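K.L.:
This is the structure, below, for whatever I ask next.
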Amino acid sequence: MKVSAALPPATAGPVVGCLFETLPFGAFIARVLGGAITSIASRLWSKRHLSDATVTHADTPAHRALMDACPHFSKPYDAVDALRNRHACTIVASLLRENPPIEYQREVLRMPDGGHVTLDWPIHVPAYPGQPEDVQGTMDALGAVVTTEGTTREVTSTRAAKDRTDDIIRQLQYGPAKGSASSSSQSTGDSATSPDGVPGVIGLAGGGGTGGCGSGGNGCDVDFDTLTPPFRRSIPDQGRTVLRKRLAKHWRKLPDDAPVLILMSGIAGGSHDKYLKHFMRRASRAGYRCVAFNCRGTANSPLTTPQFYSASFTGDVRNVVDEVKGRWPNAHLFAVGWSLGANILTNFLGEEGECAKLTGAVAMCNPFDLNACDVALQDGFFGTVYSRAMAKNMRALFAPHEHLFQGLPNYDNELVGNAKTVRDFDEAVTRVTFGFPSVDAYYDASSSRLKIGDVRVPLLVVQAKDDPIAVHSAVPRDVIKGKTTPGPVVLVETESGGHLGWTAGAEAPFGSPWPDVGAMQFFEACRRGVGRMSMDGDVDAAKDAEAGVSAEVGAAEVAVEASAAR
């Protein structure tokens, strides 16, 4: 069973309203000067500077077919002229980019070492202007999936498939029934091979296995019939009766084989980041099952062990991928990462090689060489501004949990309190807790330029040549250009865009970043196998796959242009 994933509108018109929302007395300014400011802003945003993106990849049929399936990257990069300065683009976009009102339901996953990460599942994603509100895998009374194009695709589901889905939902909420095959075959703390397709080693709300509270566990079940108020010894399991039930209902809106997308934010970021939410909206409205992965201690995630996260630590990503793939084994699994998240994602893919469970991935503003990035953050006024801002965010994340780290070898609480830059924080916390002899050694070992040659799944890398943090000189172009092994890697570089700015395209300057449309085209191409073909010259297969994808993308673009014209 396939879910339609028609691409959502690539245009929403100039966004200026968020300017008023972010400024003090914004409502007053909007009433008094709104018309004048809107007129001035519209003129500023309409002046664009056109340049072609630079595309780098090995010269093989697979690489060419993959890029031909992403026509967005062949169009000129139409940067807003007023924001072409790399610092202006970085800072203004960060402050004034529209903040989509996405509602999340949080799931807490316990890692094998006792630590926790969080997954934020979007339970309400706002529609684009002119788009029907409820299009994400909506099921009508006839059993058809309503797509973003307003068409329907008949869902062919057998009774056995429906029973399996019902059983997965039931076990997500209540754990396996006593005496069932999944219950009797599991040993405590190990339900990864459970036939319910929901691994329990990493469980919901802090437990897994038959003795835990999480997926596949029954250790937190409460016999409500034996309890009387005021529940002095036990309380109702809200995790079971509310959280799991709500998530299960949300997950069931899409078929089991709907594509799944994991989103990974930058340093000290998380599901609240605007650029992440824009991409999540685009993918969700296209029928993808999206989830934001928050590293330990970020986005108000609990830190329960003296272990933060780092640029080279891929264990949590690996466990999350295993957990999600176990839940939806028949779905294509994708991931997108930004900045430090892109570096972690690339390291993970390189380590996994041919064993990676992803169909494709996208990395944006990857620093690649953390030593070079560190030099950039120490260079000049703006480098100091960026470094101090990031260090402040990291200290704020770390402060509520500092008591966990007291007594660790070589840990000095005063160094953490005095950390003014990213390097200072990594000296005080990261390199100590991960066992590196120095910050430079940590940066060198964690740089994803060392792993990108080992990636074996299709990977799209998008960079801005004027990025003040993920600097142009750090990008491993020679490795990417010479990579002819299976798993095509494609590099797209824009002339401007700053760091995570990219104020170009139909939604510029305060809508979604310019690469998002092309990244979705890339995922759609991967779903159809364009990037998975043989790398030794299957030209006919490449052309056939390319033609199929180009036709679908072209139809979507025609629909978008017609909608914009209306």
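For the structure tokens, the naming scheme is as follows: chains receive sequential letters (A, B, ...) according to their order of presentation, residues are indexed from 1 within each chain, and ligands are indexed from 1 in presentation order.
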Excluding range 387-395 of chain A and its own-chain neighbours fewer than 6 positions away, which residues fall within 9 Å of it when counting only C-alpha atoms? Please give them as a list in words.

P.N.:
Ile267, Ala268, Gly269, Thr298, Asp374, Leu377, Gln378, Val416, Gly417, Ala419, Lys420, Thr421, Val422, Arg423, Asp424 and Phe425 of chain A

K.L.:
Need to verify the contact set: range 110-126 of chain A, 6 Å, only C-alpha atoms, exclusion of same-chain residues closer than 3 positions in sequence. Can you return it as number ranges by chain?

P.N.:
A: 102-107, 202-203, 206, 291-296, 304-305

K.L.:
Output C-alpha atoms for every residue in the selection just made, as a JSON list (two decimals), in the first residue's frame.

P.N.:
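again-v2.json written:
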[["chain", "number", "residue", "atom", "x", "y", "z"],
["A", 102, "ILE", "CA", 3.03, 23.21, 15.05],
["A", 103, "GLU", "CA", 1.65, 21.28, 18.03],
["A", 104, "TYR", "CA", 3.71, 18.37, 19.34],
["A", 105, "GLN", "CA", 3.16, 15.31, 21.49],
["A", 106, "ARG", "CA", 6.38, 14.28, 23.22],
["A", 107, "GLU", "CA", 7.65, 10.75, 23.58],
["A", 202, "ILE", "CA", 14.10, 1.38, 24.06],
["A", 203, "GLY", "CA", 10.74, 2.02, 25.61],
["A", 206, "GLY", "CA", 11.75, 5.29, 30.33],
["A", 291, "VAL", "CA", 9.30, 13.29, 14.05],
["A", 292, "ALA", "CA", 11.78, 15.74, 15.56],
["A", 293, "PHE", "CA", 14.67, 14.04, 17.36],
["A", 294, "ASN", "CA", 15.95, 16.04, 20.34],
["A", 295, "CYS", "CA", 19.40, 15.15, 21.68],
["A", 296, "ARG", "CA", 19.94, 14.59, 25.38],
["A", 304, "THR", "CA", 19.24, 11.57, 33.65],
["A", 305, "THR", "CA", 22.89, 10.52, 33.33]]

K.L.:
Please, what distance in Å, to one decimal, runs between CA of Pro71 in chain A and CA of Gly518 in chain A?

P.N.:
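About the pair CA of Pro71 in chain A and CA of Gly518 in chain A: they are 7.2 Å apart.
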
K.L.:
I'd like the interatomic distance between CA of Val336 in chain A and CA of Asp444 in chain A, to a tenth of an Å.

P.N.:
23.1 Å

K.L.:
DSSP on the backbone, then: every residue of range 296-423 of chain A marked alpha helix (DSSP H), written as a PyMOL selection string.

P.N.:
chain A and resi 315-327+340-352+370-377+380-398+413-417+422-423
